[in-house]
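Colleague: My structure is below; once you've seen it, I'll send some questions.
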Amino acid sequence: MQVIKIKGTDDTPTVILDVENKFMEISGRSLPEDVAAFYDPILEWLDDYAENPLTKTVFDFKLVYFNTASSKLLLDILLKLEEIADEGNEVLVKWHYPEDDEDMEEAGEEYADIVDVSFEQVSYSLD
Amino acid sequence: MPEKIDKNNFLSFVYDFYVKTKAQEINLFYEGEITHQITKAFTSLTEAKMLKDEEPNTVQKKVFHVMVECLQNISKHADHKNHDATATKQGRGIFLVTKNTIQYNVTTGNTIPNDRIASLQSMLENINSLDKMGLKKLYKQQIREGRLSDKGGAGLGFIDIAKKTGQKLDYHFIKIDDNLSFFILTSTIKRK
C-alpha cells in the first residue's frame, strides 16, 4: 500500500501512514486553513486500508493541539478505525498527551466514549 | 482651515486611543478582515509574549485555543450573504486581547444579521446554563451529529471555549439598524 508521509508545520500535523512498517501516527498541531482538504487524503487512505487491514492495527495520536474544526475530522478517522474493528480486526488507538495537559487527556477520554475501539491513554513528558 | 482641524482631531484621537488602550490593558487590538494568516500571526505573537511572561503552560494553551476559536468564528461566521454590498464584508470584525493580574480576556466584535440573533442567543444561553458535565455531553452530541459546514465550522467553538475555560461566555448585541446588529463576545481565561 502507498505510504503517506506529511511533514508537519506550525498549523498542520505530521502524518505517517505506513502499513509495511506497521506505523500509523498523527502528531503535532492541527489547525489547517482548510481542514477537509487536509484530512480528505487521510480518510481516503483509510478507506483503502480497510479493504485489507493488518490483523492488528495500532494507530497513534500524539497531538499537542487541535482546533474544534479538526476535532470533527479526527472523529471521522476514529470512526473508520471503528469500522475496521467492527469487521473483526484488532484495533488499538494510542492517545498520547503531554503529562501536564488535562485538556488533551480529556479529549482522548471523550473520543474513547464516543467510538467503540480499544483506547490506551499514554502520558509523556515534554522535556 | 478645515485641514488643520482634521489633523488635530486625528492626533487627539490617536493620543486618546493610546490612553484608553493603556487603561483597558489591551495587549492586542485589530480591526479588519480575519484570515488564516492573521490568526497565525496573532496566536504566535501572543504565544511569544506569554512565554516571555512565564505564563503557566496550561494558561498559554487555553489562551491559544480561545484565540483560535474566536478568530475562526469571525472568519467563518461573520458573513452577510443576504445583505447588500454596503454591509460589512465577510470575515471582518474586531479582535482584542486584554490582560490583568487575574485573567486574560479575548473579545471579538462583528456585525450579524438581526434574524440570526435569536438562534445564536439561545445557543449561548444554553451553553451558559450548563456545568462541566453538561458541556461535555453537549460537545459529544455536537461532534457526533454536527456536520462540517462548507466553511469548515463544526459548531463546536463556543461549547469548547466554555468547556476549556470553565467560565461563562459574556455576550451582547448592539442594534445598528433594522438589518444588522453588532455582536460582542468576551471569553475569560483565569491566570491560575
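Going by the C-alpha cells order, chains are called A, B, ..., each with residues numbered from 1, while ligands are numbered from 1 in the order shown.
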Write out as a Markdown table the residues of chain A that have any atom within 9 Å of an atom of chain B, one row each with the nearest atom pair and its distance in Å to one decimal, counting only C-alpha atoms, sorted by chain and then rising number.
Modeller:
| residue | atom | partner | partner_atom | distance |
| --- | --- | --- | --- | --- |
| A:Asp10 | CA | B:Lys40 | CA | 8.6 |
| A:Asp11 | CA | B:Lys40 | CA | 8.0 |
| A:Leu31 | CA | B:Val68 | CA | 8.4 |
| A:Pro32 | CA | B:His36 | CA | 8.6 |
| A:Glu33 | CA | B:His36 | CA | 6.0 |
| A:Asp34 | CA | B:Gly152 | CA | 6.8 |
| A:Val35 | CA | B:Gly152 | CA | 6.5 |
| A:Ala36 | CA | B:Gly152 | CA | 7.1 |
| A:Tyr65 | CA | B:Lys61 | CA | 8.2 |
| A:Phe66 | CA | B:His65 | CA | 8.4 |
| A:Asn67 | CA | B:Glu69 | CA | 7.0 |
| A:Thr68 | CA | B:Leu156 | CA | 5.9 |
| A:Ala69 | CA | B:Ala154 | CA | 5.2 |
| A:Ser70 | CA | B:Ala154 | CA | 8.5 |
| A:Ser71 | CA | B:Ile143 | CA | 7.8 |
| A:Lys72 | CA | B:Ile143 | CA | 5.9 |
| A:Leu73 | CA | B:Leu148 | CA | 8.7 |
| A:Leu75 | CA | B:Ile143 | CA | 7.8 |
| A:Asp100 | CA | B:Thr58 | CA | 7.6 |
| A:Asp101 | CA | B:Thr58 | CA | 6.8 |
| A:Glu102 | CA | B:Thr58 | CA | 8.4 |
| A:Asp103 | CA | B:Lys164 | CA | 7.1 |
| A:Glu110 | CA | B:Lys140 | CA | 7.2 |
| A:Tyr111 | CA | B:Lys140 | CA | 8.3 |
| A:Asp113 | CA | B:Lys140 | CA | 8.7 |
| A:Ile114 | CA | B:Lys140 | CA | 7.2 |
Colleague: Skipping near chain neighbours, those fewer than 4 positions away, what residues fall within 10 Å of A:Phe23 using only C-alpha atoms, listed as a PyMOL selection string?
Modeller: chain A and resi 3+16-19+57-60
Colleague: Residues within 7 Å of stretch 83-90 of chain A, please, as an MDAnalysis selection string. Count only C-alpha atoms; anything in the same chain fewer than 2 positions from it doesn't count.
Modeller: chainID A and resid 50 55:57 79:81 92 117
Colleague: Save the residues we just selected, N, CA and C atoms, as a short mmCIF file (atom, residue, chain, number, x, y, z; two decimals), in the first residue's frame?
Modeller:
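Saved result, part-v3.cif, follows:
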data_model
loop_
_atom_site.label_atom_id
_atom_site.label_comp_id
_atom_site.auth_asym_id
_atom_site.auth_seq_id
_atom_site.Cartn_x
_atom_site.Cartn_y
_atom_site.Cartn_z
N ALA A 50 -8.87 -0.21 4.88
CA ALA A 50 -9.94 -1.02 5.48
C ALA A 50 -10.27 -2.26 4.64
N THR A 55 -3.76 -7.63 10.77
CA THR A 55 -4.56 -8.35 11.77
C THR A 55 -4.66 -7.50 13.05
N LYS A 56 -3.60 -6.72 13.29
CA LYS A 56 -3.68 -5.78 14.40
C LYS A 56 -3.28 -4.38 13.93
N THR A 57 -4.19 -3.44 14.06
CA THR A 57 -3.91 -2.06 13.67
C THR A 57 -3.65 -1.24 14.93
N LEU A 79 -13.80 6.88 13.52
CA LEU A 79 -14.96 6.10 13.09
C LEU A 79 -14.56 5.08 12.01
N LYS A 80 -13.58 5.45 11.17
CA LYS A 80 -13.07 4.49 10.17
C LYS A 80 -12.38 3.33 10.88
N LEU A 81 -11.63 3.65 11.92
CA LEU A 81 -10.94 2.61 12.69
C LEU A 81 -11.97 1.70 13.37
N LEU A 92 -6.19 -0.89 17.99
CA LEU A 92 -5.85 -0.19 19.23
C LEU A 92 -5.49 1.26 18.89
N VAL A 117 -13.77 1.46 20.11
CA VAL A 117 -12.45 0.93 19.75
C VAL A 117 -11.61 0.93 21.02
#
Colleague: Among stretch 28-184 of chain B, which ones does DSSP place in helix (DSSP H, G or I), written as an NGL selection string?
Modeller: :B and (36-52 or 57-77 or 114-129 or 132-145 or 157-165)
Colleague: Identify which of the residues A:Leu46, A:Ile26, A:Leu78, A:Val91 lies closest to A:Ala112, counting only C-alpha atoms when measuring atom-to-atom distances.
Modeller: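 Nearest to A:Ala112: A:Leu78.
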Colleague: Compare B:Asn114, B:Asn128, B:Asn9, B:Gln121 by their minimum atom-to-atom distance to B:Asp177, counting only C-alpha atoms, and give me the closest one.
Modeller: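 Nearest to B:Asp177: B:Asn114.
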Colleague: I'd like the contact shell of A:Glu109 - 9 Å cut-off, only C-alpha atoms, skipping same-chain residues fewer than 4 positions apart - returned as a compact mmCIF listing (two decimals) with N, CA, C and O atoms, in the first residue's frame.
Modeller:
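Contents of around11.txt, freshly written:
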# COMPACT_ATOMS: atom_id res chain seq x y z
N TRP A 95 -3.58 7.09 22.53
CA TRP A 95 -3.80 8.53 22.63
C TRP A 95 -2.72 9.12 23.53
O TRP A 95 -2.76 8.95 24.75
N MET A 104 -5.97 17.79 26.81
CA MET A 104 -5.66 16.78 25.79
C MET A 104 -5.99 15.37 26.31
O MET A 104 -6.46 14.53 25.56
N GLU A 105 -5.75 15.16 27.59
CA GLU A 105 -6.09 13.88 28.20
C GLU A 105 -7.61 13.66 28.12
O GLU A 105 -8.09 12.59 27.73
N ASP A 113 -15.09 7.48 24.65
CA ASP A 113 -16.52 7.31 24.98
C ASP A 113 -17.38 7.22 23.72
O ASP A 113 -18.39 6.55 23.70
N ILE A 114 -16.97 7.96 22.70
CA ILE A 114 -17.81 8.06 21.51
C ILE A 114 -17.62 6.85 20.58
O ILE A 114 -18.59 6.32 20.05
N PHE A 119 -8.92 1.88 23.47
CA PHE A 119 -8.13 3.10 23.63
C PHE A 119 -7.10 2.90 24.72
O PHE A 119 -7.40 2.34 25.76
N GLN A 121 -4.53 5.34 26.90
CA GLN A 121 -4.06 6.70 27.15
C GLN A 121 -2.60 6.63 27.58
O GLN A 121 -2.24 5.89 28.49
Colleague: Find the residues near B:Lys175: any atom within 10 Å, counting only C-alpha atoms, skip ones fewer than 4 places away on the same chain, and give them as a list in words.
Modeller: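 Contacts, with the query itself left out: Thr111, Ile112, Pro113, Asn114, Asn179, Leu180, Ser181, Phe182 and Phe183 of chain B.
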Colleague: Please extract the residues of stretch 6-100 of chain A with a backbone DSSP assignment of strand (DSSP E or B) and present them as a ChimeraX atom specification.
Modeller: /A:6,14-18,23-30,56-66,90-98
